[in-house]
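Participant: The file below is my_file_11.cif, mmCIF, N, CA and C atoms and all ligand atoms:
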```cif
data_upload
#
loop_
_atom_site.label_atom_id
_atom_site.label_comp_id
_atom_site.auth_asym_id
_atom_site.auth_seq_id
_atom_site.Cartn_x
_atom_site.Cartn_y
_atom_site.Cartn_z
N MET F 971 20.67 3.91 -14.22
CA MET F 971 19.63 2.95 -13.83
C MET F 971 18.55 3.63 -12.99
N ALA F 972 17.31 3.31 -13.30
CA ALA F 972 16.21 3.94 -12.56
C ALA F 972 16.18 3.47 -11.11
N THR F 973 15.83 4.39 -10.22
CA THR F 973 15.72 4.02 -8.81
C THR F 973 14.34 3.38 -8.56
N ASP F 974 14.21 2.73 -7.39
CA ASP F 974 12.91 2.16 -7.02
C ASP F 974 11.86 3.25 -6.99
N LEU F 975 12.23 4.41 -6.48
CA LEU F 975 11.26 5.52 -6.39
C LEU F 975 10.75 5.86 -7.81
N GLU F 976 11.68 6.00 -8.76
CA GLU F 976 11.27 6.35 -10.13
C GLU F 976 10.40 5.25 -10.74
N LEU F 977 10.77 4.00 -10.48
CA LEU F 977 10.00 2.88 -11.06
C LEU F 977 8.59 2.81 -10.47
N ILE F 978 8.50 3.05 -9.17
CA ILE F 978 7.19 3.01 -8.50
C ILE F 978 6.34 4.17 -9.02
N GLU F 979 6.94 5.35 -9.13
CA GLU F 979 6.19 6.50 -9.66
C GLU F 979 5.73 6.23 -11.09
N GLU F 980 6.59 5.57 -11.86
CA GLU F 980 6.22 5.26 -13.26
C GLU F 980 4.98 4.36 -13.31
N THR F 981 4.94 3.35 -12.41
CA THR F 981 3.76 2.45 -12.42
C THR F 981 2.49 3.22 -12.03
N LEU F 982 2.63 4.17 -11.11
CA LEU F 982 1.45 4.93 -10.67
C LEU F 982 0.96 5.83 -11.80
N GLU F 983 1.92 6.40 -12.56
CA GLU F 983 1.52 7.24 -13.71
C GLU F 983 0.85 6.40 -14.79
N LEU F 984 1.42 5.23 -15.06
CA LEU F 984 0.82 4.34 -16.08
C LEU F 984 -0.59 3.91 -15.65
N ALA F 985 -0.75 3.63 -14.36
CA ALA F 985 -2.07 3.22 -13.85
C ALA F 985 -3.07 4.36 -14.00
N ALA F 986 -2.61 5.59 -13.72
CA ALA F 986 -3.51 6.75 -13.80
C ALA F 986 -4.00 6.98 -15.23
N GLU F 987 -3.19 6.57 -16.21
CA GLU F 987 -3.62 6.70 -17.62
C GLU F 987 -4.69 5.68 -17.96
N ARG F 988 -4.74 4.60 -17.18
CA ARG F 988 -5.64 3.50 -17.52
C ARG F 988 -6.94 3.47 -16.72
N VAL F 989 -6.86 3.84 -15.44
CA VAL F 989 -8.10 3.83 -14.63
C VAL F 989 -8.25 5.16 -13.89
N ASP F 990 -9.50 5.57 -13.72
CA ASP F 990 -9.77 6.83 -13.02
C ASP F 990 -9.48 6.72 -11.54
N ASP F 991 -9.82 5.57 -10.98
CA ASP F 991 -9.71 5.43 -9.53
C ASP F 991 -9.27 4.02 -9.16
N LEU F 992 -8.10 3.95 -8.57
CA LEU F 992 -7.57 2.63 -8.17
C LEU F 992 -8.20 2.12 -6.88
N VAL F 993 -8.75 3.05 -6.09
CA VAL F 993 -9.19 2.69 -4.73
C VAL F 993 -10.17 1.51 -4.69
N PRO F 994 -11.28 1.55 -5.46
CA PRO F 994 -12.21 0.41 -5.39
C PRO F 994 -11.55 -0.91 -5.81
N LEU F 995 -10.64 -0.84 -6.78
CA LEU F 995 -9.97 -2.06 -7.26
C LEU F 995 -9.07 -2.64 -6.17
N VAL F 996 -8.36 -1.75 -5.48
CA VAL F 996 -7.46 -2.19 -4.41
C VAL F 996 -8.27 -2.82 -3.26
N TYR F 997 -9.37 -2.19 -2.89
CA TYR F 997 -10.17 -2.73 -1.79
C TYR F 997 -10.80 -4.07 -2.16
N GLU F 998 -11.25 -4.16 -3.41
CA GLU F 998 -11.84 -5.43 -3.88
C GLU F 998 -10.80 -6.56 -3.74
N ARG F 999 -9.57 -6.25 -4.15
CA ARG F 999 -8.49 -7.23 -4.08
C ARG F 999 -8.12 -7.54 -2.63
N PHE F 1000 -8.12 -6.49 -1.81
CA PHE F 1000 -7.81 -6.66 -0.38
C PHE F 1000 -8.84 -7.61 0.25
N PHE F 1001 -10.11 -7.41 -0.04
CA PHE F 1001 -11.16 -8.27 0.54
C PHE F 1001 -11.07 -9.69 -0.02
N ALA F 1002 -10.62 -9.82 -1.27
CA ALA F 1002 -10.47 -11.18 -1.83
C ALA F 1002 -9.35 -11.92 -1.11
N LEU F 1003 -8.27 -11.19 -0.81
CA LEU F 1003 -7.14 -11.82 -0.11
C LEU F 1003 -7.46 -12.06 1.36
N ARG F 1004 -8.22 -11.13 1.96
CA ARG F 1004 -8.52 -11.20 3.39
C ARG F 1004 -9.99 -10.91 3.64
N PRO F 1005 -10.86 -11.90 3.45
CA PRO F 1005 -12.30 -11.64 3.63
C PRO F 1005 -12.63 -11.11 5.04
N ASP F 1006 -11.79 -11.44 6.03
CA ASP F 1006 -12.08 -11.01 7.40
C ASP F 1006 -11.94 -9.50 7.63
N VAL F 1007 -11.28 -8.77 6.71
CA VAL F 1007 -11.14 -7.32 6.95
C VAL F 1007 -12.38 -6.54 6.50
N ARG F 1008 -13.23 -7.19 5.72
CA ARG F 1008 -14.42 -6.49 5.22
C ARG F 1008 -15.27 -5.93 6.37
N GLN F 1009 -15.35 -6.72 7.43
CA GLN F 1009 -16.18 -6.28 8.55
C GLN F 1009 -15.50 -5.20 9.41
N LEU F 1010 -14.16 -5.09 9.27
CA LEU F 1010 -13.45 -4.06 10.04
C LEU F 1010 -13.53 -2.71 9.36
N LEU F 1011 -13.47 -2.73 8.02
CA LEU F 1011 -13.40 -1.47 7.28
C LEU F 1011 -14.79 -0.92 6.99
N GLY F 1012 -14.90 0.39 7.11
CA GLY F 1012 -16.17 1.04 6.80
C GLY F 1012 -16.40 1.07 5.30
N ASN F 1013 -17.56 1.55 4.91
CA ASN F 1013 -17.94 1.58 3.50
C ASN F 1013 -17.76 2.96 2.89
N ASP F 1014 -17.13 3.83 3.67
CA ASP F 1014 -17.08 5.23 3.28
C ASP F 1014 -15.97 5.47 2.24
N ALA F 1015 -16.38 5.89 1.05
CA ALA F 1015 -15.43 6.04 -0.07
C ALA F 1015 -14.35 7.07 0.26
N LEU F 1016 -14.74 8.12 0.95
CA LEU F 1016 -13.77 9.17 1.28
C LEU F 1016 -12.69 8.62 2.22
N GLY F 1017 -13.13 7.88 3.24
CA GLY F 1017 -12.19 7.27 4.20
C GLY F 1017 -11.27 6.30 3.49
N ARG F 1018 -11.82 5.50 2.59
CA ARG F 1018 -11.00 4.53 1.84
C ARG F 1018 -9.96 5.26 0.99
N GLY F 1019 -10.41 6.34 0.36
CA GLY F 1019 -9.50 7.12 -0.49
C GLY F 1019 -8.37 7.72 0.33
N ARG F 1020 -8.72 8.24 1.52
CA ARG F 1020 -7.70 8.85 2.39
C ARG F 1020 -6.69 7.80 2.84
N MET F 1021 -7.21 6.63 3.20
CA MET F 1021 -6.31 5.58 3.67
C MET F 1021 -5.36 5.16 2.54
N PHE F 1022 -5.90 5.04 1.33
CA PHE F 1022 -5.06 4.64 0.19
C PHE F 1022 -4.00 5.71 -0.10
N ASN F 1023 -4.42 6.99 -0.09
CA ASN F 1023 -3.45 8.06 -0.36
C ASN F 1023 -2.34 8.09 0.67
N GLU F 1024 -2.70 7.91 1.93
CA GLU F 1024 -1.69 7.88 3.00
C GLU F 1024 -0.73 6.71 2.80
N THR F 1025 -1.28 5.59 2.35
CA THR F 1025 -0.45 4.41 2.16
C THR F 1025 0.54 4.63 1.01
N LEU F 1026 0.03 5.21 -0.09
CA LEU F 1026 0.94 5.48 -1.23
C LEU F 1026 2.05 6.44 -0.80
N LYS F 1027 1.65 7.45 -0.02
CA LYS F 1027 2.64 8.43 0.46
C LYS F 1027 3.72 7.72 1.28
N MET F 1028 3.26 6.79 2.13
CA MET F 1028 4.21 6.06 2.97
C MET F 1028 5.15 5.19 2.13
N ILE F 1029 4.61 4.56 1.09
CA ILE F 1029 5.44 3.71 0.22
C ILE F 1029 6.48 4.58 -0.51
N LEU F 1030 6.06 5.76 -0.97
CA LEU F 1030 7.00 6.65 -1.66
C LEU F 1030 8.06 7.16 -0.68
N GLU F 1031 7.65 7.43 0.55
CA GLU F 1031 8.62 7.88 1.57
C GLU F 1031 9.60 6.77 1.91
N CYS F 1032 9.10 5.54 1.90
CA CYS F 1032 9.97 4.39 2.14
C CYS F 1032 11.04 4.34 1.03
N ALA F 1033 10.60 4.50 -0.22
CA ALA F 1033 11.53 4.45 -1.36
C ALA F 1033 12.51 5.64 -1.36
N GLN F 1034 12.10 6.72 -0.70
CA GLN F 1034 13.01 7.89 -0.59
C GLN F 1034 13.94 7.77 0.61
N GLU F 1035 13.76 6.69 1.36
CA GLU F 1035 14.56 6.44 2.56
C GLU F 1035 14.53 7.61 3.52
N VAL F 1036 13.35 8.16 3.75
CA VAL F 1036 13.26 9.30 4.68
C VAL F 1036 13.58 8.82 6.10
N ALA F 1037 14.19 9.72 6.86
CA ALA F 1037 14.61 9.34 8.21
C ALA F 1037 13.42 9.13 9.14
N TYR F 1038 12.29 9.77 8.84
CA TYR F 1038 11.14 9.71 9.75
C TYR F 1038 10.19 8.55 9.46
N LEU F 1039 10.60 7.62 8.57
CA LEU F 1039 9.70 6.50 8.22
C LEU F 1039 9.26 5.71 9.46
N GLU F 1040 10.26 5.40 10.28
CA GLU F 1040 9.99 4.62 11.50
C GLU F 1040 8.89 5.30 12.33
N GLY F 1041 8.97 6.60 12.47
CA GLY F 1041 8.02 7.35 13.30
C GLY F 1041 6.61 7.33 12.71
N ILE F 1042 6.49 7.50 11.38
CA ILE F 1042 5.13 7.55 10.81
C ILE F 1042 4.49 6.16 10.81
N VAL F 1043 5.30 5.13 10.62
CA VAL F 1043 4.74 3.77 10.67
C VAL F 1043 4.28 3.48 12.09
N GLU F 1044 5.11 3.85 13.06
CA GLU F 1044 4.76 3.61 14.46
C GLU F 1044 3.43 4.28 14.80
N ARG F 1045 3.27 5.52 14.36
CA ARG F 1045 2.03 6.26 14.67
C ARG F 1045 0.82 5.62 14.00
N GLU F 1046 1.00 5.23 12.72
CA GLU F 1046 -0.12 4.62 11.98
C GLU F 1046 -0.53 3.30 12.63
N VAL F 1047 0.48 2.50 13.01
CA VAL F 1047 0.17 1.20 13.63
C VAL F 1047 -0.55 1.44 14.96
N GLN F 1048 -0.09 2.42 15.73
CA GLN F 1048 -0.76 2.72 17.01
C GLN F 1048 -2.19 3.17 16.77
N ASP F 1049 -2.38 4.06 15.79
CA ASP F 1049 -3.73 4.56 15.47
C ASP F 1049 -4.66 3.42 15.07
N HIS F 1050 -4.09 2.38 14.44
CA HIS F 1050 -4.90 1.28 13.91
C HIS F 1050 -5.13 0.14 14.91
N GLN F 1051 -4.45 0.22 16.04
CA GLN F 1051 -4.59 -0.90 16.99
C GLN F 1051 -6.04 -1.09 17.41
N GLY F 1052 -6.74 0.03 17.62
CA GLY F 1052 -8.14 -0.04 18.03
C GLY F 1052 -9.05 -0.64 16.97
N TYR F 1053 -8.61 -0.60 15.69
CA TYR F 1053 -9.43 -1.15 14.60
C TYR F 1053 -9.24 -2.66 14.47
N GLY F 1054 -8.24 -3.20 15.15
CA GLY F 1054 -7.97 -4.64 15.04
C GLY F 1054 -7.08 -4.99 13.86
N ALA F 1055 -6.32 -4.01 13.33
CA ALA F 1055 -5.42 -4.29 12.20
C ALA F 1055 -4.18 -5.03 12.69
N THR F 1056 -3.84 -6.14 12.04
CA THR F 1056 -2.67 -6.94 12.43
C THR F 1056 -1.59 -6.85 11.35
N SER F 1057 -0.37 -7.29 11.70
CA SER F 1057 0.74 -7.27 10.74
C SER F 1057 0.39 -7.96 9.43
N SER F 1058 -0.25 -9.12 9.54
CA SER F 1058 -0.52 -9.88 8.31
C SER F 1058 -1.58 -9.17 7.46
N MET F 1059 -2.43 -8.35 8.11
CA MET F 1059 -3.40 -7.57 7.32
C MET F 1059 -2.68 -6.47 6.52
N TYR F 1060 -1.68 -5.86 7.14
CA TYR F 1060 -0.90 -4.86 6.39
C TYR F 1060 -0.25 -5.53 5.18
N ALA F 1061 0.32 -6.73 5.42
CA ALA F 1061 1.00 -7.43 4.31
C ALA F 1061 0.00 -7.71 3.19
N SER F 1062 -1.22 -8.11 3.53
CA SER F 1062 -2.22 -8.40 2.50
C SER F 1062 -2.65 -7.12 1.78
N TYR F 1063 -2.73 -6.05 2.54
CA TYR F 1063 -3.13 -4.77 1.94
C TYR F 1063 -2.06 -4.31 0.93
N PHE F 1064 -0.79 -4.41 1.32
CA PHE F 1064 0.29 -4.04 0.40
C PHE F 1064 0.26 -4.97 -0.82
N GLU F 1065 0.02 -6.24 -0.57
CA GLU F 1065 -0.05 -7.21 -1.67
C GLU F 1065 -1.19 -6.85 -2.63
N ALA F 1066 -2.31 -6.43 -2.07
CA ALA F 1066 -3.47 -6.05 -2.90
C ALA F 1066 -3.11 -4.87 -3.81
N ILE F 1067 -2.32 -3.95 -3.28
CA ILE F 1067 -1.91 -2.79 -4.08
C ILE F 1067 -1.03 -3.24 -5.25
N VAL F 1068 -0.03 -4.09 -4.98
CA VAL F 1068 0.86 -4.56 -6.06
C VAL F 1068 0.06 -5.34 -7.10
N GLN F 1069 -0.79 -6.24 -6.64
CA GLN F 1069 -1.54 -7.06 -7.60
C GLN F 1069 -2.48 -6.20 -8.45
N THR F 1070 -3.07 -5.18 -7.84
CA THR F 1070 -3.97 -4.30 -8.60
C THR F 1070 -3.19 -3.56 -9.68
N LEU F 1071 -2.00 -3.07 -9.33
CA LEU F 1071 -1.20 -2.35 -10.32
C LEU F 1071 -0.77 -3.29 -11.44
N GLN F 1072 -0.37 -4.48 -11.05
CA GLN F 1072 0.07 -5.48 -12.03
C GLN F 1072 -1.05 -5.76 -13.04
N THR F 1073 -2.26 -5.98 -12.54
CA THR F 1073 -3.40 -6.26 -13.41
C THR F 1073 -3.73 -5.04 -14.27
N THR F 1074 -3.68 -3.87 -13.67
CA THR F 1074 -4.04 -2.64 -14.40
C THR F 1074 -3.02 -2.35 -15.51
N LEU F 1075 -1.75 -2.57 -15.22
CA LEU F 1075 -0.72 -2.25 -16.22
C LEU F 1075 -0.59 -3.31 -17.31
N GLY F 1076 -0.99 -4.54 -17.02
CA GLY F 1076 -0.90 -5.61 -18.03
C GLY F 1076 0.52 -5.75 -18.54
N ALA F 1077 0.68 -5.68 -19.89
CA ALA F 1077 1.99 -5.91 -20.49
C ALA F 1077 2.99 -4.80 -20.18
N THR F 1078 2.50 -3.66 -19.70
CA THR F 1078 3.44 -2.57 -19.38
C THR F 1078 4.04 -2.72 -17.97
N TRP F 1079 3.55 -3.71 -17.23
CA TRP F 1079 4.14 -4.03 -15.91
C TRP F 1079 5.38 -4.89 -16.17
N LEU F 1080 6.56 -4.36 -15.87
CA LEU F 1080 7.81 -5.03 -16.22
C LEU F 1080 8.46 -5.66 -14.98
N PRO F 1081 9.36 -6.63 -15.21
CA PRO F 1081 10.05 -7.23 -14.06
C PRO F 1081 10.73 -6.19 -13.17
N ARG F 1082 11.22 -5.10 -13.75
CA ARG F 1082 11.88 -4.10 -12.90
C ARG F 1082 10.87 -3.34 -12.02
N HIS F 1083 9.61 -3.22 -12.50
CA HIS F 1083 8.56 -2.62 -11.65
C HIS F 1083 8.27 -3.55 -10.47
N GLU F 1084 8.12 -4.82 -10.80
CA GLU F 1084 7.84 -5.84 -9.76
C GLU F 1084 8.96 -5.81 -8.70
N ALA F 1085 10.20 -5.78 -9.18
CA ALA F 1085 11.34 -5.83 -8.25
C ALA F 1085 11.36 -4.61 -7.34
N ALA F 1086 11.08 -3.43 -7.91
CA ALA F 1086 11.09 -2.19 -7.11
C ALA F 1086 10.00 -2.24 -6.04
N TRP F 1087 8.79 -2.65 -6.42
CA TRP F 1087 7.68 -2.73 -5.46
C TRP F 1087 7.98 -3.75 -4.37
N ARG F 1088 8.46 -4.93 -4.80
CA ARG F 1088 8.72 -6.00 -3.82
C ARG F 1088 9.76 -5.57 -2.80
N CYS F 1089 10.81 -4.94 -3.30
CA CYS F 1089 11.91 -4.54 -2.41
C CYS F 1089 11.41 -3.52 -1.38
N GLN F 1090 10.68 -2.51 -1.84
CA GLN F 1090 10.21 -1.47 -0.90
C GLN F 1090 9.15 -2.01 0.05
N LEU F 1091 8.26 -2.86 -0.45
CA LEU F 1091 7.21 -3.38 0.44
C LEU F 1091 7.78 -4.35 1.47
N GLU F 1092 8.83 -5.06 1.09
CA GLU F 1092 9.47 -5.95 2.05
C GLU F 1092 10.04 -5.12 3.21
N HIS F 1093 10.67 -4.01 2.82
CA HIS F 1093 11.24 -3.13 3.85
C HIS F 1093 10.13 -2.54 4.73
N LEU F 1094 9.07 -2.04 4.08
CA LEU F 1094 7.98 -1.42 4.83
C LEU F 1094 7.32 -2.44 5.77
N ASN F 1095 7.14 -3.65 5.26
CA ASN F 1095 6.56 -4.72 6.09
C ASN F 1095 7.40 -4.99 7.32
N SER F 1096 8.73 -4.96 7.14
CA SER F 1096 9.59 -5.24 8.29
C SER F 1096 9.45 -4.13 9.34
N VAL F 1097 9.23 -2.90 8.89
CA VAL F 1097 9.03 -1.81 9.85
C VAL F 1097 7.68 -1.98 10.56
N VAL F 1098 6.65 -2.37 9.79
CA VAL F 1098 5.32 -2.61 10.39
C VAL F 1098 5.43 -3.68 11.46
N ILE F 1099 6.12 -4.78 11.13
CA ILE F 1099 6.24 -5.90 12.08
C ILE F 1099 6.94 -5.45 13.36
N ARG F 1100 7.94 -4.56 13.20
CA ARG F 1100 8.64 -4.05 14.39
C ARG F 1100 7.68 -3.37 15.37
N HIS F 1101 6.65 -2.74 14.81
CA HIS F 1101 5.72 -1.98 15.67
C HIS F 1101 4.43 -2.73 15.99
N ALA F 1102 3.98 -3.56 15.05
CA ALA F 1102 2.69 -4.25 15.27
C ALA F 1102 2.89 -5.66 15.80
N GLY F 1103 4.13 -6.14 15.76
CA GLY F 1103 4.39 -7.52 16.17
C GLY F 1103 4.23 -8.43 14.95
N ALA F 1104 4.79 -9.66 15.05
CA ALA F 1104 4.77 -10.57 13.88
C ALA F 1104 3.37 -11.11 13.63
C1 LIG R 1201 0.26 1.45 5.95
C2 LIG R 1201 -0.98 1.06 5.82
C3 LIG R 1201 -2.15 1.93 6.24
C4 LIG R 1201 -2.28 3.30 6.28
C5 LIG R 1201 -1.25 4.35 5.91
C6 LIG R 1201 -3.62 3.58 6.74
C7 LIG R 1201 -4.16 4.84 6.90
C8 LIG R 1201 -5.45 5.12 7.34
C9 LIG R 1201 -6.03 6.43 7.43
C10 LIG R 1201 -5.33 7.74 7.07
C11 LIG R 1201 -7.29 6.28 7.88
C12 LIG R 1201 -8.31 7.40 8.16
C13 LIG R 1201 -9.27 7.53 6.97
C14 LIG R 1201 -10.28 8.66 7.19
O1 LIG R 1201 -9.86 9.81 7.22
O2 LIG R 1201 -11.46 8.33 7.34
C15 LIG R 1201 -7.51 4.86 8.11
C16 LIG R 1201 -8.66 4.31 8.59
C17 LIG R 1201 -8.86 2.97 8.83
N1 LIG R 1201 -7.97 1.95 8.54
FE1 LIG R 1201 -6.16 2.16 7.74
N2 LIG R 1201 -4.27 2.39 6.98
C18 LIG R 1201 -3.40 1.36 6.68
C19 LIG R 1201 -3.64 0.00 6.76
C20 LIG R 1201 -4.78 -0.56 7.29
C21 LIG R 1201 -5.00 -1.99 7.42
C22 LIG R 1201 -4.03 -3.08 6.98
C23 LIG R 1201 -6.20 -2.13 7.99
C24 LIG R 1201 -6.77 -3.48 8.30
C25 LIG R 1201 -7.99 -3.74 8.57
C26 LIG R 1201 -6.77 -0.80 8.22
C27 LIG R 1201 -7.99 -0.50 8.82
C28 LIG R 1201 -8.54 0.76 8.95
C29 LIG R 1201 -9.86 1.03 9.52
C30 LIG R 1201 -10.80 0.00 10.11
C31 LIG R 1201 -10.06 2.42 9.46
C32 LIG R 1201 -11.29 3.22 9.98
C33 LIG R 1201 -12.03 3.87 8.86
C34 LIG R 1201 -12.77 2.88 8.01
O3 LIG R 1201 -13.54 2.11 8.57
O4 LIG R 1201 -12.56 2.87 6.80
N3 LIG R 1201 -5.86 0.12 7.76
N4 LIG R 1201 -6.37 4.18 7.73
#
```
The structure in this file should be written as structure tokens.
Ligand code: HEM

Facilitator:
Amino acid sequence: MATDLELIEETLELAAERVDDLVPLVYERFFALRPDVRQLLGNDALGRGRMFNETLKMILECAQEVAYLEGIVEREVQDHQGYGATSSMYASYFEAIVQTLQTTLGATWLPRHEAAWRCQLEHLNSVVIRHAGA
């Protein structure tokens, strides 16, 4: 049986075959879910790309059950406190990523992909809440 890590990687590979750049799609979805973050986030494509790459790395590390997950989430949450990022904004951002992949993959997005993403994001969200508060 495929692991969550393998299933998540599979969705990212399938998405890469379909779109050149997921970043604008994810941000568009993020702003649709949370219009209030538009004013917090800059318009700089490079910064957005870096933030997205770091987030994907964190999700993959979560699925690999790395021992240092707690530490990197804590640092990221601390770094973001000055930006006004709240727990529920992280949840919306993660949701925007799943929804973007789901839309991009269409019929190739399977229930097992959904389950793998949901399970890992639920875990990651719980770690964020531990550091950012509910
Ligand atoms: C786990 C989730 C997240 C990770 C790993 C992450 C990571 C990063 C990184 C690496 C940067 C620096 C980008 C650069 O080099 O310019 C950044 C910037 C920033 N992040 Fe996040 N971020 C996350 C979630 C969020 C959320 C939910 C918000 C909510 C508003 C947010 C708001 C910002 C802002 C305001 C900046 C400043 C740069 C800009 O205006 O684009 N981040 N983030």

Participant: With distances taken over only N, CA and C atoms and all ligand atoms, which residue among F:Thr1070, F:Gln1090, F:Asn1023, F:Ser1096 lies nearest ligand LIG 1201 (chain R)?

Facilitator: F:Asn1023

Participant: Can you list every residue in chain F that DSSP puts in alpha helix (DSSP H), as a VMD selection string?

Facilitator: chain F and resid 974 to 988 993 to 1003 1015 to 1033 1039 to 1051 1057 to 1075 1081 to 1102

Participant: Between atom CA of Phe1064 of chain F and atom N of Leu984 of chain F, what is the distance, to one decimal in Å?

Facilitator: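 That distance, rounded to one decimal, is 18.1 Å.
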
Participant: Would you name the residues within 7 Å of ligand LIG 1201 (chain R), counting only C-alpha atoms and all ligand atoms, and put them as a PyMOL selection string?

Facilitator: chain F and resi 1007+1010-1014+1016-1018+1020-1022+1024-1025+1028+1043+1046+1050+1053-1056+1059-1060+1063

Participant: May I have the selected residues written with N, CA and C atoms, as a PDB file, keeping the file's coordinate frame?

Facilitator:
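Contents of result_28.pdb, freshly written:
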```
ATOM      1  N   VAL F1007     -11.280  -8.770   6.710  1.00  0.00           N
ATOM      2  CA  VAL F1007     -11.140  -7.320   6.950  1.00  0.00           C
ATOM      3  C   VAL F1007     -12.380  -6.540   6.500  1.00  0.00           C
ATOM      4  N   LEU F1010     -14.160  -5.090   9.270  1.00  0.00           N
ATOM      5  CA  LEU F1010     -13.450  -4.060  10.040  1.00  0.00           C
ATOM      6  C   LEU F1010     -13.530  -2.710   9.360  1.00  0.00           C
ATOM      7  N   LEU F1011     -13.470  -2.730   8.020  1.00  0.00           N
ATOM      8  CA  LEU F1011     -13.400  -1.470   7.280  1.00  0.00           C
ATOM      9  C   LEU F1011     -14.790  -0.920   6.990  1.00  0.00           C
ATOM     10  N   GLY F1012     -14.900   0.390   7.110  1.00  0.00           N
ATOM     11  CA  GLY F1012     -16.170   1.040   6.800  1.00  0.00           C
ATOM     12  C   GLY F1012     -16.400   1.070   5.300  1.00  0.00           C
ATOM     13  N   ASN F1013     -17.560   1.550   4.910  1.00  0.00           N
ATOM     14  CA  ASN F1013     -17.940   1.580   3.500  1.00  0.00           C
ATOM     15  C   ASN F1013     -17.760   2.960   2.890  1.00  0.00           C
ATOM     16  N   ASP F1014     -17.130   3.830   3.670  1.00  0.00           N
ATOM     17  CA  ASP F1014     -17.080   5.230   3.280  1.00  0.00           C
ATOM     18  C   ASP F1014     -15.970   5.470   2.240  1.00  0.00           C
ATOM     19  N   LEU F1016     -14.740   8.120   0.950  1.00  0.00           N
ATOM     20  CA  LEU F1016     -13.770   9.170   1.280  1.00  0.00           C
ATOM     21  C   LEU F1016     -12.690   8.620   2.220  1.00  0.00           C
ATOM     22  N   GLY F1017     -13.130   7.880   3.240  1.00  0.00           N
ATOM     23  CA  GLY F1017     -12.190   7.270   4.200  1.00  0.00           C
ATOM     24  C   GLY F1017     -11.270   6.300   3.490  1.00  0.00           C
ATOM     25  N   ARG F1018     -11.820   5.500   2.590  1.00  0.00           N
ATOM     26  CA  ARG F1018     -11.000   4.530   1.840  1.00  0.00           C
ATOM     27  C   ARG F1018      -9.960   5.260   0.990  1.00  0.00           C
ATOM     28  N   ARG F1020      -8.720   8.240   1.520  1.00  0.00           N
ATOM     29  CA  ARG F1020      -7.700   8.850   2.390  1.00  0.00           C
ATOM     30  C   ARG F1020      -6.690   7.800   2.840  1.00  0.00           C
ATOM     31  N   MET F1021      -7.210   6.630   3.200  1.00  0.00           N
ATOM     32  CA  MET F1021      -6.310   5.580   3.670  1.00  0.00           C
ATOM     33  C   MET F1021      -5.360   5.160   2.540  1.00  0.00           C
ATOM     34  N   PHE F1022      -5.900   5.040   1.330  1.00  0.00           N
ATOM     35  CA  PHE F1022      -5.060   4.640   0.190  1.00  0.00           C
ATOM     36  C   PHE F1022      -4.000   5.710  -0.100  1.00  0.00           C
ATOM     37  N   GLU F1024      -2.700   7.910   1.930  1.00  0.00           N
ATOM     38  CA  GLU F1024      -1.690   7.880   3.000  1.00  0.00           C
ATOM     39  C   GLU F1024      -0.730   6.710   2.800  1.00  0.00           C
ATOM     40  N   THR F1025      -1.280   5.590   2.350  1.00  0.00           N
ATOM     41  CA  THR F1025      -0.450   4.410   2.160  1.00  0.00           C
ATOM     42  C   THR F1025       0.540   4.630   1.010  1.00  0.00           C
ATOM     43  N   MET F1028       3.260   6.790   2.130  1.00  0.00           N
ATOM     44  CA  MET F1028       4.210   6.060   2.970  1.00  0.00           C
ATOM     45  C   MET F1028       5.150   5.190   2.130  1.00  0.00           C
ATOM     46  N   VAL F1043       5.300   5.130  10.620  1.00  0.00           N
ATOM     47  CA  VAL F1043       4.740   3.770  10.670  1.00  0.00           C
ATOM     48  C   VAL F1043       4.280   3.480  12.090  1.00  0.00           C
ATOM     49  N   GLU F1046       1.000   5.230  12.720  1.00  0.00           N
ATOM     50  CA  GLU F1046      -0.120   4.620  11.980  1.00  0.00           C
ATOM     51  C   GLU F1046      -0.530   3.300  12.630  1.00  0.00           C
ATOM     52  N   HIS F1050      -4.090   2.380  14.440  1.00  0.00           N
ATOM     53  CA  HIS F1050      -4.900   1.280  13.910  1.00  0.00           C
ATOM     54  C   HIS F1050      -5.130   0.140  14.910  1.00  0.00           C
ATOM     55  N   TYR F1053      -8.610  -0.600  15.690  1.00  0.00           N
ATOM     56  CA  TYR F1053      -9.430  -1.150  14.600  1.00  0.00           C
ATOM     57  C   TYR F1053      -9.240  -2.660  14.470  1.00  0.00           C
ATOM     58  N   GLY F1054      -8.240  -3.200  15.150  1.00  0.00           N
ATOM     59  CA  GLY F1054      -7.970  -4.640  15.040  1.00  0.00           C
ATOM     60  C   GLY F1054      -7.080  -4.990  13.860  1.00  0.00           C
ATOM     61  N   ALA F1055      -6.320  -4.010  13.330  1.00  0.00           N
ATOM     62  CA  ALA F1055      -5.420  -4.290  12.200  1.00  0.00           C
ATOM     63  C   ALA F1055      -4.180  -5.030  12.690  1.00  0.00           C
ATOM     64  N   THR F1056      -3.840  -6.140  12.040  1.00  0.00           N
ATOM     65  CA  THR F1056      -2.670  -6.940  12.430  1.00  0.00           C
ATOM     66  C   THR F1056      -1.590  -6.850  11.350  1.00  0.00           C
ATOM     67  N   MET F1059      -2.430  -8.350   8.110  1.00  0.00           N
ATOM     68  CA  MET F1059      -3.400  -7.570   7.320  1.00  0.00           C
ATOM     69  C   MET F1059      -2.680  -6.470   6.520  1.00  0.00           C
ATOM     70  N   TYR F1060      -1.680  -5.860   7.140  1.00  0.00           N
ATOM     71  CA  TYR F1060      -0.900  -4.860   6.390  1.00  0.00           C
ATOM     72  C   TYR F1060      -0.250  -5.530   5.180  1.00  0.00           C
ATOM     73  N   TYR F1063      -2.730  -6.050   2.540  1.00  0.00           N
ATOM     74  CA  TYR F1063      -3.130  -4.770   1.940  1.00  0.00           C
ATOM     75  C   TYR F1063      -2.060  -4.310   0.930  1.00  0.00           C
TER      76      TYR F1063
END
```

Participant: From the set F:Ala1033, F:Gln1009, F:Trp1079, F:Arg1045, which residue has the shortest atom-to-atom contact distance to Glu1092 of chain F, counting only C-alpha atoms?

Facilitator: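 Of F:Ala1033, F:Gln1009, F:Trp1079, F:Arg1045, the one nearest Glu1092 of chain F, counting only C-alpha atoms, is F:Ala1033.
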